Amino acid sequence: MEKLIQRIQKANSLLCVGLDPVGDDAYVARRLAEVVDQTSPFAAAFKPNLAFFLSRENGVQLLKETVQRIPKDIPVILDGKFGDIASTAEHYARFAYDVVGADAVTVNPYMGDDAVRPFVREGKMVFVLSKTSNKSQYSMQNMALTRGGSLAHGVATVACRLDAEIGGIGLVVGATYPGALADVRAICPEQWFLVPGVGAQGGDLAATLRAGLRPDGAGLLINTSRALWQAEDAASTARELVAQINELRSVEA
């Protein structure tokens with residue numbers, strides 16, 4: 001958390017640069033280096049998507065090289081959406097932190113808090129999936145609980161309790177449902193949210209910031225992947241995104 005806050009203050013940015021590499025191996029290796037180098041001045045964090053690396057024969061090595069290329073003061077969130085029993089989760093945590101060198105992970109909490117706890121380490125952060133950005137017809141996250149609210153609300157409540165107990169817990173809340181984002185912010189007023197879904201998935205930036213920013217103008221990491229990967233000039237695109245976010249932050253904060 002301290003590393004994240006320091007980086008946000010230094011860069012004056014809430015932009016999380018998603019790395020979802022597509023293309024042949026030679027292009028991907030070259031493009032990853034370009035995107036990391038060009039967007040680093042504007043990034044609050046980087047979020048490599050594990051699946052896009054594991055689908056390649058040299059994926060783990062490429063992932064490690066990419067993480068090593070990222071400046072050390074910028075947090076790396078490994079987006080693996082890990083979710084398994086504690087004994088297995090411990091090995092995932094070793095992979096994420098000790099092999100890859102990530103500073104944070106995303107975790108699917110469906111199996112309970114023991115799927116989350118192994119990822120909690122000093123100096124590390126866990127983003128628990130609460131309300132994701134996909135528009136599934138039969139979303140389990142929307143299922144009503146007998147005590148009121150939805151499963152997504154229940155996850156947010158548990159995540160806040162875990163954060164109070166062991167620290168280092170944030171949430172993943174998609175930008176495609178601003179109302180749901182506002183609901184989760186009401187449940188978890190202090191936590192950091194990793195927010196996918198702005199851009200290609202249709203999330204509205206202004207509505208997202210309105211729904212999720214804390215009173216101090218912080219608390220959100222706005223993830224963008226495809227817009228930066230596909231940009232002719234990733235640096236210029238990142239700069240423009242940061243300027244848009246900051247203009248809205250000054251209004252909404």
# chains A, B, ... in the order shown; residues from 1 in each chain; ligands from 1

$ select_by_dssp --residues "stretch 8-227 of chain A" --states "helix (DSSP H, G or I)" --output "number ranges by chain"
A: 8-11, 25-42, 50-54, 59-69, 86-100, 113-115, 117-119, 140-142, 151-166, 178-187, 205-212, 226-227

$ residues_around --residues "A:Arg56" --least-positions-apart "5" --cutoff "10 Å" --atoms "only C-alpha atoms" --output "PyMOL selection string"
chain A and resi 24-25+51+61-62

$ atom_distance --atom1 "atom CA of A:Glu165" --atom2 "atom CA of A:Pro109"
16.3 Å

$ atom_distance --atom1 "atom CA of A:Ser225" --atom2 "atom CA of A:Pro196"
8.8 Å

$ residues_around --residues "A:Gly80" --least-positions-apart "5" --cutoff "12 Å" --atoms "only C-alpha atoms" --output "number ranges by chain"
A: 20, 47-54, 89, 92-93, 95-96, 100, 102, 104-108, 119, 126-129

$ decode --residues "stretch 100-133 of chain A" --atoms "N, CA and C atoms" --output "PDB file, in the first residue's frame"
ATOM      1  N   VAL A 100       7.623 -14.584 -10.050  1.00  0.00           N
ATOM      2  CA  VAL A 100       7.344 -13.481 -10.972  1.00  0.00           C
ATOM      3  C   VAL A 100       7.850 -12.150 -10.421  1.00  0.00           C
ATOM      4  N   GLY A 101       7.725 -11.944  -9.117  1.00  0.00           N
ATOM      5  CA  GLY A 101       8.148 -10.693  -8.508  1.00  0.00           C
ATOM      6  C   GLY A 101       7.053  -9.643  -8.437  1.00  0.00           C
ATOM      7  N   ALA A 102       5.793 -10.082  -8.420  1.00  0.00           N
ATOM      8  CA  ALA A 102       4.672  -9.150  -8.355  1.00  0.00           C
ATOM      9  C   ALA A 102       4.547  -8.533  -6.971  1.00  0.00           C
ATOM     10  N   ASP A 103       3.893  -7.370  -6.922  1.00  0.00           N
ATOM     11  CA  ASP A 103       3.616  -6.687  -5.656  1.00  0.00           C
ATOM     12  C   ASP A 103       2.208  -6.959  -5.154  1.00  0.00           C
ATOM     13  N   ALA A 104       1.335  -7.423  -6.045  1.00  0.00           N
ATOM     14  CA  ALA A 104      -0.064  -7.647  -5.696  1.00  0.00           C
ATOM     15  C   ALA A 104      -0.644  -8.679  -6.641  1.00  0.00           C
ATOM     16  N   VAL A 105      -1.806  -9.207  -6.280  1.00  0.00           N
ATOM     17  CA  VAL A 105      -2.491 -10.206  -7.101  1.00  0.00           C
ATOM     18  C   VAL A 105      -3.992  -9.931  -7.083  1.00  0.00           C
ATOM     19  N   THR A 106      -4.692 -10.542  -8.029  1.00  0.00           N
ATOM     20  CA  THR A 106      -6.148 -10.599  -7.962  1.00  0.00           C
ATOM     21  C   THR A 106      -6.539 -12.012  -7.553  1.00  0.00           C
ATOM     22  N   VAL A 107      -7.578 -12.097  -6.706  1.00  0.00           N
ATOM     23  CA  VAL A 107      -7.980 -13.384  -6.132  1.00  0.00           C
ATOM     24  C   VAL A 107      -9.489 -13.550  -6.234  1.00  0.00           C
ATOM     25  N   ASN A 108      -9.920 -14.730  -6.643  1.00  0.00           N
ATOM     26  CA  ASN A 108     -11.334 -15.105  -6.647  1.00  0.00           C
ATOM     27  C   ASN A 108     -11.669 -15.709  -5.290  1.00  0.00           C
ATOM     28  N   PRO A 109     -12.576 -15.107  -4.514  1.00  0.00           N
ATOM     29  CA  PRO A 109     -12.818 -15.557  -3.135  1.00  0.00           C
ATOM     30  C   PRO A 109     -13.912 -16.609  -2.994  1.00  0.00           C
ATOM     31  N   TYR A 110     -14.306 -17.239  -4.100  1.00  0.00           N
ATOM     32  CA  TYR A 110     -15.443 -18.166  -4.059  1.00  0.00           C
ATOM     33  C   TYR A 110     -15.259 -19.261  -3.013  1.00  0.00           C
ATOM     34  N   MET A 111     -14.023 -19.700  -2.781  1.00  0.00           N
ATOM     35  CA  MET A 111     -13.768 -20.785  -1.828  1.00  0.00           C
ATOM     36  C   MET A 111     -13.569 -20.292  -0.398  1.00  0.00           C
ATOM     37  N   GLY A 112     -13.756 -19.001  -0.180  1.00  0.00           N
ATOM     38  CA  GLY A 112     -13.701 -18.492   1.181  1.00  0.00           C
ATOM     39  C   GLY A 112     -12.428 -17.747   1.493  1.00  0.00           C
ATOM     40  N   ASP A 113     -12.337 -17.276   2.741  1.00  0.00           N
ATOM     41  CA  ASP A 113     -11.199 -16.430   3.114  1.00  0.00           C
ATOM     42  C   ASP A 113      -9.883 -17.193   3.103  1.00  0.00           C
ATOM     43  N   ASP A 114      -9.929 -18.545   3.196  1.00  0.00           N
ATOM     44  CA  ASP A 114      -8.652 -19.272   3.161  1.00  0.00           C
ATOM     45  C   ASP A 114      -8.081 -19.323   1.748  1.00  0.00           C
ATOM     46  N   ALA A 115      -8.843 -18.883   0.748  1.00  0.00           N
ATOM     47  CA  ALA A 115      -8.297 -18.713  -0.596  1.00  0.00           C
ATOM     48  C   ALA A 115      -7.606 -17.366  -0.738  1.00  0.00           C
ATOM     49  N   VAL A 116      -7.841 -16.471   0.215  1.00  0.00           N
ATOM     50  CA  VAL A 116      -7.278 -15.119   0.181  1.00  0.00           C
ATOM     51  C   VAL A 116      -6.068 -14.991   1.094  1.00  0.00           C
ATOM     52  N   ARG A 117      -6.169 -15.545   2.292  1.00  0.00           N
ATOM     53  CA  ARG A 117      -5.140 -15.329   3.315  1.00  0.00           C
ATOM     54  C   ARG A 117      -3.718 -15.697   2.874  1.00  0.00           C
ATOM     55  N   PRO A 118      -3.481 -16.780   2.108  1.00  0.00           N
ATOM     56  CA  PRO A 118      -2.109 -17.111   1.738  1.00  0.00           C
ATOM     57  C   PRO A 118      -1.409 -16.040   0.905  1.00  0.00           C
ATOM     58  N   PHE A 119      -2.183 -15.156   0.286  1.00  0.00           N
ATOM     59  CA  PHE A 119      -1.580 -14.111  -0.540  1.00  0.00           C
ATOM     60  C   PHE A 119      -1.221 -12.861   0.253  1.00  0.00           C
ATOM     61  N   VAL A 120      -1.640 -12.814   1.509  1.00  0.00           N
ATOM     62  CA  VAL A 120      -1.366 -11.646   2.338  1.00  0.00           C
ATOM     63  C   VAL A 120       0.042 -11.759   2.907  1.00  0.00           C
ATOM     64  N   ARG A 121       0.888 -10.872   2.490  1.00  0.00           N
ATOM     65  CA  ARG A 121       2.264 -10.800   2.998  1.00  0.00           C
ATOM     66  C   ARG A 121       2.590  -9.340   3.275  1.00  0.00           C
ATOM     67  N   GLU A 122       3.586  -9.139   4.103  1.00  0.00           N
ATOM     68  CA  GLU A 122       4.056  -7.780   4.336  1.00  0.00           C
ATOM     69  C   GLU A 122       4.564  -7.193   3.026  1.00  0.00           C
ATOM     70  N   GLY A 123       4.114  -5.998   2.708  1.00  0.00           N
ATOM     71  CA  GLY A 123       4.548  -5.354   1.479  1.00  0.00           C
ATOM     72  C   GLY A 123       3.812  -5.792   0.236  1.00  0.00           C
ATOM     73  N   LYS A 124       2.789  -6.647   0.382  1.00  0.00           N
ATOM     74  CA  LYS A 124       2.010  -7.119  -0.758  1.00  0.00           C
ATOM     75  C   LYS A 124       0.541  -6.718  -0.582  1.00  0.00           C
ATOM     76  N   MET A 125      -0.220  -6.799  -1.687  1.00  0.00           N
ATOM     77  CA  MET A 125      -1.619  -6.418  -1.640  1.00  0.00           C
ATOM     78  C   MET A 125      -2.448  -7.416  -2.435  1.00  0.00           C
ATOM     79  N   VAL A 126      -3.687  -7.629  -1.993  1.00  0.00           N
ATOM     80  CA  VAL A 126      -4.594  -8.572  -2.630  1.00  0.00           C
ATOM     81  C   VAL A 126      -5.858  -7.835  -3.042  1.00  0.00           C
ATOM     82  N   PHE A 127      -6.211  -7.954  -4.318  1.00  0.00           N
ATOM     83  CA  PHE A 127      -7.462  -7.385  -4.812  1.00  0.00           C
ATOM     84  C   PHE A 127      -8.461  -8.524  -5.011  1.00  0.00           C
ATOM     85  N   VAL A 128      -9.510  -8.517  -4.208  1.00  0.00           N
ATOM     86  CA  VAL A 128     -10.510  -9.580  -4.198  1.00  0.00           C
ATOM     87  C   VAL A 128     -11.625  -9.239  -5.183  1.00  0.00           C
ATOM     88  N   LEU A 129     -11.971 -10.199  -6.042  1.00  0.00           N
ATOM     89  CA  LEU A 129     -13.052  -9.968  -6.995  1.00  0.00           C
ATOM     90  C   LEU A 129     -14.366  -9.779  -6.255  1.00  0.00           C
ATOM     91  N   SER A 130     -15.039  -8.663  -6.523  1.00  0.00           N
ATOM     92  CA  SER A 130     -16.347  -8.403  -5.937  1.00  0.00           C
ATOM     93  C   SER A 130     -17.395  -8.311  -7.041  1.00  0.00           C
ATOM     94  N   LYS A 131     -17.329  -7.245  -7.839  1.00  0.00           N
ATOM     95  CA  LYS A 131     -18.254  -7.066  -8.959  1.00  0.00           C
ATOM     96  C   LYS A 131     -17.432  -6.845 -10.211  1.00  0.00           C
ATOM     97  N   THR A 132     -17.344  -7.854 -11.061  1.00  0.00           N
ATOM     98  CA  THR A 132     -16.462  -7.778 -12.217  1.00  0.00           C
ATOM     99  C   THR A 132     -17.147  -7.076 -13.382  1.00  0.00           C
ATOM    100  N   SER A 133     -16.373  -6.782 -14.433  1.00  0.00           N
ATOM    101  CA  SER A 133     -16.854  -5.935 -15.522  1.00  0.00           C
ATOM    102  C   SER A 133     -17.587  -6.701 -16.612  1.00  0.00           C
TER     103      SER A 133
END
